[in-house]
>>> print(open('final26.cif').read())   # mmCIF, C-alpha atoms
data_entry
#
loop_
_atom_site.label_atom_id
_atom_site.label_comp_id
_atom_site.auth_asym_id
_atom_site.auth_seq_id
_atom_site.Cartn_x
_atom_site.Cartn_y
_atom_site.Cartn_z
CA MET A 1 109.15 98.90 49.78
CA ARG A 2 108.37 95.28 50.46
CA ASP A 3 104.82 94.13 51.02
CA ASP A 4 104.50 92.98 54.59
CA PRO A 5 101.51 90.63 54.70
CA THR A 6 101.22 91.13 58.46
CA VAL A 7 100.70 94.87 58.08
CA VAL A 8 98.10 94.41 55.36
CA ALA A 9 96.21 91.93 57.54
CA LEU A 10 96.39 94.20 60.57
CA VAL A 11 95.08 97.21 58.65
CA THR A 12 92.27 95.14 57.15
CA ARG A 13 91.23 93.80 60.55
CA ALA A 14 91.46 97.21 62.22
CA ALA A 15 89.29 98.68 59.47
CA ALA A 16 86.76 95.97 60.30
CA SER A 17 86.49 97.13 63.93
CA ASP A 18 89.10 94.84 65.50
CA GLN A 19 90.56 96.79 68.42
CA GLY A 20 93.20 94.10 68.99
CA ALA A 21 94.57 94.61 65.49
CA TRP A 22 94.63 98.37 66.04
CA ASP A 23 96.52 97.91 69.32
CA GLU A 24 99.09 95.81 67.51
CA ILE A 25 99.53 98.47 64.83
CA VAL A 26 100.15 101.05 67.56
CA ASP A 27 102.56 98.72 69.42
CA ARG A 28 104.50 98.10 66.22
CA TYR A 29 104.75 101.66 65.00
CA ALA A 30 104.66 103.84 68.10
CA PRO A 31 108.50 103.66 68.18
CA LEU A 32 108.60 105.08 64.63
CA VAL A 33 106.26 107.97 65.46
CA TRP A 34 108.13 108.57 68.71
CA SER A 35 111.58 108.64 67.10
CA ILE A 36 110.48 111.16 64.47
CA CYS A 37 108.98 113.41 67.16
CA SER A 38 112.22 113.09 69.17
CA GLY A 39 114.17 114.31 66.15
CA PHE A 40 112.21 117.56 66.22
CA ARG A 41 112.95 118.12 69.93
CA LEU A 42 109.36 119.03 70.67
CA SER A 43 107.98 119.58 74.14
CA ASN A 44 105.95 116.73 75.64
CA HIS A 45 102.85 118.79 75.08
CA ASP A 46 103.60 119.19 71.37
CA VAL A 47 104.50 115.52 71.04
CA GLU A 48 101.06 114.67 72.44
CA ASP A 49 99.46 117.06 70.00
CA VAL A 50 101.31 115.53 67.06
CA ALA A 51 100.73 111.91 68.02
CA GLN A 52 97.07 112.53 68.77
CA ASN A 53 96.58 113.89 65.27
CA VAL A 54 98.62 111.17 63.58
CA TRP A 55 96.66 108.31 65.15
CA LEU A 56 93.32 110.04 64.62
CA LEU A 57 94.13 110.61 60.97
CA LEU A 58 95.04 106.94 60.64
CA VAL A 59 91.83 105.82 62.38
CA GLY A 60 89.88 107.97 59.93
CA GLN A 61 91.66 106.51 56.92
CA LEU A 62 91.87 102.82 57.84
CA GLY A 63 89.26 101.84 55.31
CA THR A 64 90.66 103.99 52.52
CA LEU A 65 94.44 103.56 52.80
CA ARG A 66 95.38 102.88 49.21
CA GLU A 67 98.35 100.68 50.05
CA PRO A 68 98.18 99.23 53.54
CA ALA A 69 101.67 97.77 53.05
CA ALA A 70 103.01 101.31 52.81
CA LEU A 71 101.73 102.11 56.31
CA PRO A 72 105.18 102.81 57.82
CA GLY A 73 105.85 105.34 55.06
CA TRP A 74 102.45 106.92 55.54
CA LEU A 75 103.00 107.17 59.29
CA ALA A 76 106.47 108.67 58.89
CA THR A 77 105.29 111.27 56.39
CA THR A 78 102.21 112.19 58.39
CA THR A 79 104.17 112.44 61.66
CA ARG A 80 106.76 114.63 60.00
CA ARG A 81 104.10 116.91 58.54
CA GLU A 82 102.40 117.26 61.93
CA CYS A 83 105.76 118.00 63.62
CA LEU A 84 106.49 120.68 61.04
CA ARG A 85 103.05 122.18 61.62
CA VAL A 86 103.77 122.48 65.34
CA VAL A 87 107.28 123.84 64.75
CA THR A 88 105.98 126.36 62.21
CA ALA A 89 103.23 127.49 64.57
CA SER A 90 105.72 128.20 67.36
CA ARG A 91 108.12 129.91 64.93
CA LYS A 92 105.34 132.19 63.75
CA SER A 93 104.66 133.22 67.30
CA GLU A 94 108.35 134.05 67.58
CA ARG A 95 108.07 136.14 64.40
CA LEU A 96 110.70 134.21 62.52
CA GLY A 97 110.65 134.05 58.77
CA THR A 98 109.66 131.34 56.36
CA GLU A 99 113.22 130.61 55.27
CA LEU A 100 113.75 128.54 58.37
CA ASP A 101 110.60 126.59 57.63
CA GLU A 102 111.80 125.80 54.15
CA ALA A 103 115.12 124.63 55.53
CA ALA A 104 113.33 122.41 58.03
CA GLN A 105 111.19 120.96 55.25
CA PHE A 106 114.28 120.09 53.25
CA VAL A 107 115.97 118.36 56.15
CA ALA A 108 112.73 116.56 56.92
CA ASP A 109 112.35 115.14 53.43
CA THR A 110 115.88 113.81 53.24
CA VAL A 111 115.94 112.04 56.59
CA VAL A 112 112.61 110.30 56.32
CA ASP A 113 113.58 107.26 54.21
CA GLU A 114 116.37 106.31 56.57
CA GLU A 115 114.01 106.47 59.53
CA ILE A 116 111.42 104.29 57.81
CA LEU A 117 114.07 101.68 57.02
CA VAL A 118 115.35 101.63 60.59
CA ALA A 119 111.81 101.41 61.94
CA GLU A 120 110.93 98.55 59.60
CA ARG A 121 114.08 96.69 60.52
CA ASN A 122 113.39 97.16 64.23
CA THR A 123 109.78 96.05 63.83
CA ALA A 124 110.87 92.92 61.95
CA LEU A 125 113.51 92.13 64.58
CA ARG A 126 111.01 92.46 67.42
CA ALA A 127 108.49 90.33 65.53
CA ALA A 128 111.14 87.65 64.93
CA PHE A 129 112.09 87.74 68.60
CA ALA A 130 108.44 87.38 69.63
CA GLU A 131 108.18 84.21 67.49
CA LEU A 132 111.02 82.51 69.39
CA PRO A 133 110.28 79.85 72.00
CA PRO A 134 110.25 81.22 75.59
CA ARG A 135 113.61 79.62 76.44
CA CYS A 136 115.29 81.47 73.59
CA GLN A 137 113.60 84.73 74.53
CA GLN A 138 114.82 84.37 78.12
CA LEU A 139 118.37 83.57 77.07
CA LEU A 140 118.63 86.38 74.52
CA SER A 141 117.03 88.87 76.92
CA MET A 142 119.70 88.10 79.51
CA LEU A 143 122.43 88.52 76.91
CA LEU A 144 120.90 91.81 75.73
CA ARG A 145 120.91 93.37 79.16
CA ASP A 146 123.23 96.27 79.76
CA PRO A 147 125.64 95.10 81.02
CA PRO A 148 124.93 91.54 79.80
CA CYS A 149 124.39 88.86 82.42
CA SER A 150 127.40 86.67 83.07
CA TYR A 151 127.31 83.09 81.84
CA GLY A 152 127.36 82.07 85.51
CA THR A 153 124.16 84.00 86.23
CA ILE A 154 122.51 82.72 83.06
CA SER A 155 123.50 79.17 83.92
CA ALA A 156 122.01 79.48 87.41
CA THR A 157 118.84 81.30 86.33
CA LEU A 158 117.97 79.15 83.33
CA ASP A 159 119.40 75.96 84.84
CA ILE A 160 121.63 75.11 81.91
CA PRO A 161 125.36 74.17 81.95
CA ILE A 162 127.68 77.08 81.16
CA GLY A 163 129.17 75.05 78.32
CA SER A 164 125.88 74.88 76.44
CA ILE A 165 125.03 78.60 76.64
CA GLY A 166 127.15 79.43 73.59
CA PRO A 167 125.64 76.70 71.38
CA GLN A 168 122.10 77.55 72.56
CA ARG A 169 122.67 81.21 71.82
CA ALA A 170 123.80 80.29 68.31
CA ARG A 171 120.74 78.05 67.79
CA CYS A 172 118.35 80.76 69.00
CA LEU A 173 119.88 83.36 66.70
CA GLU A 174 119.75 80.91 63.80
CA ARG A 175 116.05 80.39 64.48
CA MET A 176 115.54 84.13 64.48
CA ARG A 177 117.37 84.48 61.22
CA LYS A 178 115.06 81.91 59.61
CA SER A 179 111.84 83.48 60.86
CA SER A 180 109.53 84.82 58.20
CA ALA A 181 109.74 88.32 59.66
CA LEU A 182 113.50 88.52 59.17
CA LEU A 183 113.73 86.61 55.91
CA GLY A 184 111.75 89.34 54.16
CA LEU A 185 114.16 91.90 55.51
CA ILE A 186 117.29 89.99 54.59
CA GLU A 187 116.08 89.42 51.05
CA VAL A 188 115.68 93.13 50.60
CA GLY A 189 119.16 93.64 51.99
CA VAL A 190 118.23 96.25 54.56
CA ASN A 191 121.18 97.70 56.42
CA PHE A 192 121.83 96.83 59.98
CA PRO A 193 123.80 98.98 62.40
CA GLY A 194 127.53 98.95 61.84
CA GLY A 195 127.38 96.22 59.26
CA ASP A 196 128.06 95.89 55.58
CA PRO A 197 124.89 94.77 53.82
CA GLY A 198 126.64 93.99 50.56
CA ALA A 199 128.91 91.29 51.97
CA MET B 1 125.71 83.92 55.82
CA ARG B 2 124.07 85.97 53.11
CA ASN B 3 124.25 89.70 53.76
CA GLY B 4 126.61 89.15 56.67
CA TRP B 5 124.06 88.76 59.44
CA ASP B 6 126.50 87.12 61.83
CA ASP B 7 125.55 86.40 65.44
CA GLU B 8 127.11 89.52 66.91
CA GLN B 9 125.47 91.81 64.39
CA LEU B 10 122.10 90.17 64.74
CA LEU B 11 122.31 90.46 68.51
CA GLY B 12 123.40 94.08 68.20
CA ALA B 13 120.52 94.87 65.84
CA LEU B 14 118.07 93.15 68.19
CA ARG B 15 119.44 95.17 71.10
CA GLU B 16 118.87 98.38 69.17
CA ALA B 17 115.32 97.32 68.23
CA MET B 18 114.47 96.57 71.86
CA ARG B 19 115.92 99.89 73.04
CA ALA B 20 113.92 101.78 70.42
CA ARG B 21 110.76 100.33 71.87
CA GLU B 22 111.81 100.85 75.49
CA ALA B 23 112.41 104.54 74.71
CA VAL B 24 108.71 105.01 74.01
CA PRO B 25 106.76 106.10 77.12
CA SER B 26 103.69 104.03 77.93
CA TRP B 27 101.38 107.09 77.86
CA PHE B 28 102.38 107.60 74.25
CA VAL B 29 101.35 104.07 73.30
CA GLU B 30 98.13 104.28 75.34
CA MET B 31 97.16 107.49 73.59
CA GLY B 32 97.56 105.79 70.24
CA LYS B 33 95.40 102.87 71.33
CA ASN B 34 92.71 105.19 72.71
CA ALA B 35 92.43 106.93 69.35
CA TYR B 36 90.56 103.85 68.14
CA ALA B 37 87.51 105.12 70.01
CA TRP B 38 87.03 107.38 66.97
CA HIS B 39 86.75 104.47 64.59
CA ASN B 40 83.39 104.36 62.84
CA ILE B 41 82.20 107.58 64.42
CA ASP B 42 80.46 108.97 61.44
CA ALA B 43 79.80 112.46 62.73
CA GLU B 44 79.84 115.46 60.43
CA LEU B 45 82.80 117.73 61.04
CA ALA B 46 81.99 121.24 62.26
CA GLN B 47 84.68 123.73 61.26
CA LEU B 48 85.77 126.71 63.31
CA THR B 49 84.16 129.65 61.51
CA TYR B 50 84.52 132.39 64.13
CA ASP B 51 86.95 133.09 66.94
CA SER B 52 86.63 136.35 68.84
CA GLN B 53 90.30 136.16 69.80
CA ALA B 54 91.39 136.24 66.15
CA ASP B 55 89.15 139.28 65.74
CA THR B 56 90.58 140.94 68.80
CA GLU B 57 94.14 140.56 67.55
CA GLN B 58 93.27 142.27 64.30
CA LEU B 59 91.45 145.09 66.04
CA ALA B 60 93.99 145.57 68.79
CA PHE B 61 95.41 148.65 67.08
CA VAL B 62 92.12 150.48 66.94
CA ARG B 63 90.49 149.27 70.11
CA SER B 64 92.12 149.52 73.47
CA GLU B 65 89.54 147.47 75.29
CA THR B 66 89.22 143.85 74.36
CA ALA B 67 86.35 141.52 75.04
CA SER B 68 86.91 139.48 78.17
CA ILE B 69 84.81 136.56 77.02
CA ARG B 70 86.08 134.46 74.15
CA ALA B 71 83.47 133.29 71.71
CA LEU B 72 83.86 130.49 69.16
CA THR B 73 81.53 129.21 66.47
CA PHE B 74 81.76 125.81 64.81
CA THR B 75 79.66 125.27 61.72
CA SER B 76 78.66 122.17 59.81
CA ALA B 77 76.32 121.90 56.85
CA HIS B 78 73.30 121.41 59.11
CA LEU B 79 73.95 123.16 62.40
CA SER B 80 76.29 125.34 64.40
CA LEU B 81 77.72 125.20 67.90
CA GLU B 82 78.24 128.59 69.51
CA ILE B 83 80.49 128.58 72.54
CA GLU B 84 81.51 131.15 75.10
CA VAL B 85 84.52 130.49 77.26
CA GLY B 86 83.73 131.67 80.77
CA LYS B 87 85.91 131.62 83.86
CA ASP B 88 84.94 128.15 85.01
CA SER B 89 82.80 126.71 82.27
CA LEU B 90 81.96 126.59 78.61
CA LEU B 91 78.47 127.86 77.82
CA GLY B 92 77.01 127.11 74.47
CA GLN B 93 74.03 126.88 72.21
CA VAL B 94 73.16 124.67 69.29
CA ILE B 95 71.72 126.60 66.31
CA PRO B 96 69.02 125.94 65.22
CA PRO B 97 67.93 125.25 68.82
CA GLN B 98 67.25 121.58 69.57
CA ALA B 99 67.61 119.15 72.44
CA GLY B 100 70.24 116.43 72.42
CA THR B 101 73.47 115.30 74.04
CA LEU B 102 76.83 117.02 74.09
CA GLU B 103 79.91 114.88 74.55
CA THR B 104 83.30 116.31 75.48
CA TYR B 105 86.26 114.20 74.43
CA THR B 106 89.63 114.72 76.08
CA LYS B 107 92.67 112.52 76.27
CA ALA B 108 91.39 111.28 79.60
CA GLY B 109 88.09 110.15 78.14
CA LEU B 110 84.57 111.29 77.62
CA THR B 111 82.05 113.37 79.62
CA THR B 112 78.44 114.01 78.71
CA SER B 113 76.26 117.10 79.16
CA PRO B 114 72.57 117.49 78.36
CA VAL B 115 71.42 120.01 75.75
CA ASP B 116 67.98 121.49 76.50
CA GLU B 117 65.07 122.30 74.14
CA SER B 118 66.51 125.74 73.48
CA GLY B 119 69.83 124.24 72.47
CA TYR B 120 71.68 125.46 75.56
CA PHE B 121 74.41 123.48 77.25
CA ALA B 122 77.15 123.97 79.83
CA VAL B 123 80.44 122.12 80.21
CA GLU B 124 81.93 122.54 83.66
CA PRO B 125 84.77 122.73 84.45
CA ILE B 126 86.46 123.86 81.23
CA PRO B 127 87.96 120.71 79.73
CA PRO B 128 91.76 120.41 79.48
CA ASN B 129 93.35 121.08 76.08
CA PRO B 130 92.92 119.69 73.56
CA PHE B 131 89.29 118.63 73.51
CA ARG B 132 86.55 117.93 71.00
CA LEU B 133 82.83 118.54 71.27
CA ARG B 134 80.29 116.23 69.68
CA PHE B 135 76.57 116.95 69.56
CA HIS B 136 74.05 114.33 68.64
CA THR B 137 70.29 113.90 68.81
CA SER B 138 67.99 110.91 68.91
CA ASP B 139 66.80 111.67 65.39
CA GLY B 140 70.23 111.30 63.85
CA ALA B 141 71.92 114.70 63.88
CA ASP B 142 75.61 114.09 64.69
CA VAL B 143 78.26 116.78 64.53
CA VAL B 144 81.79 116.89 65.93
CA THR B 145 84.33 119.71 66.14
CA GLY B 146 88.03 119.34 65.41
CA TRP B 147 90.45 119.32 68.34
CA ILE B 148 90.11 122.59 70.24
CA THR B 149 93.00 124.18 72.13
CA LEU B 150 91.97 127.27 74.05
#
>>> encode(input="final26.cif", output="structure tokens")
Amino acid sequence: MRDDPTVVALVTRAAASDQGAWDEIVDRYAPLVWSICSGFRLSNHDVEDVAQNVWLLLVGQLGTLREPAALPGWLATTTRRECLRVVTASRKSERLGTELDEAAQFVADTVVDEEILVAERNTALRAAFAELPPRCQQLLSMLLRDPPCSYGTISATLDIPIGSIGPQRARCLERMRKSSALLGLIEVGVNFPGGDPGA
Amino acid sequence: MRNGWDDEQLLGALREAMRAREAVPSWFVEMGKNAYAWHNIDAELAQLTYDSQADTEQLAFVRSETASIRALTFTSAHLSLEIEVGKDSLLGQVIPPQAGTLETYTKAGLTTSPVDESGYFAVEPIPPNPFRLRFHTSDGADVVTGWITL
């Protein structure tokens, strides 16, 4: 897994009592923890239980994480383990056997790498977007809406000629592509949805 | 473009990244941020060493009547917290008896209860699950339980 200098810096600062750095860690990786919990189809109550434990464990280990750069992997593994604990506890109360638990463990282990990759890619994309100038963020946000805003609406809202929306869109995306957050990702050749990474 | 990151794919990937974040409820993120309150709290962990309910389940075959009051004991190397779960409150005692402060941590925050010379304390009403109890004194004793779900 690549070494993300931002993550290392955030972990170091959070370990040194910087609440802002901690908040950023949570903002970055809450989607990862959330998506893993969603995969287990837990109740809201159990999701709270799991997440509470995951973040508390991380708080307790900030100073001793052996490889801060591996934080996403650590979070994914810890979340999965906590989810399995909750699932196993409810299974036991339903008097079901351990075979199911073993099956769940197997599925859990095989899916985890994919989820970490997706989460890292999403984190990098959001970081790259956040580095864009406000005009680019506004334009791309309007294009990302579902359904996307029409060029007419964009032209009126952002006060730019319709003819220059296309070129501006291309320039903004090119800027994103060149941001440090995405360059690391592209070098590693991480998959993106529906695309062929080996092209 | 290397690795085929054309405009449409990049935009599509960005859309997916934004949706993944939008799917996360704000309470979930807040809870994660609040966990930082536990940073640098260097309290000794008190483990659950007795739970009357666990006892009751084992004895259910031989005893038809079960105790109506649940009792829990949390033990650390230096002291114990004994707790009885009443109807409306938690009643407890620190062993060995000593005065200090009892803090109850829930997801909503923190409440404080005094602990008298005999080590007795009361938490009222019963805190919502899960919660944690922390006892500390002015002379440096500091003990915290794990998350308790009654």
>>> atom_distance(input="final26.cif", atom1="atom CA of A:Val26", atom2="atom CA of A:Glu174")
28.4 Å
>>> resolve_selection(input="final26.cif", expression="the PyMOL selection byres ((chain B) within 12 of (chain A))", output="ChimeraX atom specification")
/B:1-43,106-107,129-131,146-149
>>> write_last_selection(input="final26.cif", atoms="C-alpha atoms", output="short mmCIF file (atom, residue, chain, number, x, y, z; two decimals), in the frame of the given file")
data_model
loop_
_atom_site.label_atom_id
_atom_site.label_comp_id
_atom_site.auth_asym_id
_atom_site.auth_seq_id
_atom_site.Cartn_x
_atom_site.Cartn_y
_atom_site.Cartn_z
CA MET B 1 125.71 83.92 55.82
CA ARG B 2 124.07 85.97 53.11
CA ASN B 3 124.25 89.70 53.76
CA GLY B 4 126.61 89.15 56.67
CA TRP B 5 124.06 88.76 59.44
CA ASP B 6 126.50 87.12 61.83
CA ASP B 7 125.55 86.40 65.44
CA GLU B 8 127.11 89.52 66.91
CA GLN B 9 125.47 91.81 64.39
CA LEU B 10 122.10 90.17 64.74
CA LEU B 11 122.31 90.46 68.51
CA GLY B 12 123.40 94.08 68.20
CA ALA B 13 120.52 94.87 65.84
CA LEU B 14 118.07 93.15 68.19
CA ARG B 15 119.44 95.17 71.10
CA GLU B 16 118.87 98.38 69.17
CA ALA B 17 115.32 97.32 68.23
CA MET B 18 114.47 96.57 71.86
CA ARG B 19 115.92 99.89 73.04
CA ALA B 20 113.92 101.78 70.42
CA ARG B 21 110.76 100.33 71.87
CA GLU B 22 111.81 100.85 75.49
CA ALA B 23 112.41 104.54 74.71
CA VAL B 24 108.71 105.01 74.01
CA PRO B 25 106.76 106.10 77.12
CA SER B 26 103.69 104.03 77.93
CA TRP B 27 101.38 107.09 77.86
CA PHE B 28 102.38 107.60 74.25
CA VAL B 29 101.35 104.07 73.30
CA GLU B 30 98.13 104.28 75.34
CA MET B 31 97.16 107.49 73.59
CA GLY B 32 97.56 105.79 70.24
CA LYS B 33 95.40 102.87 71.33
CA ASN B 34 92.71 105.19 72.71
CA ALA B 35 92.43 106.93 69.35
CA TYR B 36 90.56 103.85 68.14
CA ALA B 37 87.51 105.12 70.01
CA TRP B 38 87.03 107.38 66.97
CA HIS B 39 86.75 104.47 64.59
CA ASN B 40 83.39 104.36 62.84
CA ILE B 41 82.20 107.58 64.42
CA ASP B 42 80.46 108.97 61.44
CA ALA B 43 79.80 112.46 62.73
CA THR B 106 89.63 114.72 76.08
CA LYS B 107 92.67 112.52 76.27
CA ASN B 129 93.35 121.08 76.08
CA PRO B 130 92.92 119.69 73.56
CA PHE B 131 89.29 118.63 73.51
CA GLY B 146 88.03 119.34 65.41
CA TRP B 147 90.45 119.32 68.34
CA ILE B 148 90.11 122.59 70.24
CA THR B 149 93.00 124.18 72.13
#
>>> residues_around(input="final26.cif", residues="stretch 132-144 of chain B", least_positions_apart="6", cutoff="10 Å", atoms="all atoms listed in the file", output="PyMOL selection string")
chain B and resi 41-47+74-81+94+98-107+110-115+123
>>> closest_residue(input="final26.cif", among="A:Leu75, A:Gln138, A:Ile160, A:Gly166", to="A:Cys37", atoms="all atoms listed in the file")
A:Leu75
>>> residues_around(input="final26.cif", residues="A:Val8", least_positions_apart="2", cutoff="10 Å", atoms="only C-alpha atoms", output="MDAnalysis selection string")
chainID A and resid 3:6 10:14 67:71
>>> write_last_selection(input="final26.cif", atoms="C-alpha atoms", output="mmCIF file, in the frame of the given file")
data_model
loop_
_atom_site.group_PDB
_atom_site.id
_atom_site.type_symbol
_atom_site.label_atom_id
_atom_site.label_comp_id
_atom_site.auth_asym_id
_atom_site.auth_seq_id
_atom_site.Cartn_x
_atom_site.Cartn_y
_atom_site.Cartn_z
ATOM 1 C CA ASP A 3 104.820 94.130 51.020
ATOM 2 C CA ASP A 4 104.500 92.980 54.590
ATOM 3 C CA PRO A 5 101.510 90.630 54.700
ATOM 4 C CA THR A 6 101.220 91.130 58.460
ATOM 5 C CA LEU A 10 96.390 94.200 60.570
ATOM 6 C CA VAL A 11 95.080 97.210 58.650
ATOM 7 C CA THR A 12 92.270 95.140 57.150
ATOM 8 C CA ARG A 13 91.230 93.800 60.550
ATOM 9 C CA ALA A 14 91.460 97.210 62.220
ATOM 10 C CA GLU A 67 98.350 100.680 50.050
ATOM 11 C CA PRO A 68 98.180 99.230 53.540
ATOM 12 C CA ALA A 69 101.670 97.770 53.050
ATOM 13 C CA ALA A 70 103.010 101.310 52.810
ATOM 14 C CA LEU A 71 101.730 102.110 56.310
#
>>> closest_residue(input="final26.cif", among="A:Leu132, A:Ala127, A:Leu185, A:Ile36", to="A:Cys83", atoms="all atoms listed in the file")
A:Ile36
>>> atom_distance(input="final26.cif", atom1="atom CA of A:Pro148", atom2="atom CA of A:Ile116")
28.8 Å
>>> axis_aligned_box(input="final26.cif", around="stretch 46-62 of chain A", padding_each_side="6 Å", output="AutoDock Vina command-line options")
--center_x 97.2 --center_y 111.0 --center_z 64.7 --size_x 26.6 --size_y 28.4 --size_z 27.5
>>> atom_distance(input="final26.cif", atom1="atom CA of A:Ser150", atom2="atom CA of A:Glu131")
24.9 Å
>>> closest_residue(input="final26.cif", among="B:Ala108, B:Phe121, B:Ala71, B:Gln53", to="B:Leu91", atoms="all atoms listed in the file")
B:Phe121
>>> resolve_selection(input="final26.cif", expression="the PyMOL selection byres ((chain A and resi 151) around 10)", output="mmCIF file with C-alpha atoms, in the coordinates of the input")
data_model
loop_
_atom_site.group_PDB
_atom_site.id
_atom_site.type_symbol
_atom_site.label_atom_id
_atom_site.label_comp_id
_atom_site.auth_asym_id
_atom_site.auth_seq_id
_atom_site.Cartn_x
_atom_site.Cartn_y
_atom_site.Cartn_z
ATOM 1 C CA MET A 142 119.700 88.100 79.510
ATOM 2 C CA LEU A 143 122.430 88.520 76.910
ATOM 3 C CA PRO A 148 124.930 91.540 79.800
ATOM 4 C CA CYS A 149 124.390 88.860 82.420
ATOM 5 C CA SER A 150 127.400 86.670 83.070
ATOM 6 C CA GLY A 152 127.360 82.070 85.510
ATOM 7 C CA THR A 153 124.160 84.000 86.230
ATOM 8 C CA ILE A 154 122.510 82.720 83.060
ATOM 9 C CA SER A 155 123.500 79.170 83.920
ATOM 10 C CA ALA A 156 122.010 79.480 87.410
ATOM 11 C CA THR A 157 118.840 81.300 86.330
ATOM 12 C CA ILE A 160 121.630 75.110 81.910
ATOM 13 C CA PRO A 161 125.360 74.170 81.950
ATOM 14 C CA ILE A 162 127.680 77.080 81.160
ATOM 15 C CA GLY A 163 129.170 75.050 78.320
ATOM 16 C CA SER A 164 125.880 74.880 76.440
ATOM 17 C CA ILE A 165 125.030 78.600 76.640
ATOM 18 C CA GLY A 166 127.150 79.430 73.590
#
>>> residues_near_point(input="final26.cif", point="(85.9, 135.2, 70.9)", cutoff="7 Å", atoms="all atoms listed in the file", output="mmCIF file with C-alpha atoms, in the coordinates of the input")
data_model
loop_
_atom_site.group_PDB
_atom_site.id
_atom_site.type_symbol
_atom_site.label_atom_id
_atom_site.label_comp_id
_atom_site.auth_asym_id
_atom_site.auth_seq_id
_atom_site.Cartn_x
_atom_site.Cartn_y
_atom_site.Cartn_z
ATOM 1 C CA ASP B 51 86.950 133.090 66.940
ATOM 2 C CA SER B 52 86.630 136.350 68.840
ATOM 3 C CA GLN B 53 90.300 136.160 69.800
ATOM 4 C CA ILE B 69 84.810 136.560 77.020
ATOM 5 C CA ARG B 70 86.080 134.460 74.150
ATOM 6 C CA ALA B 71 83.470 133.290 71.710
ATOM 7 C CA LEU B 72 83.860 130.490 69.160
#
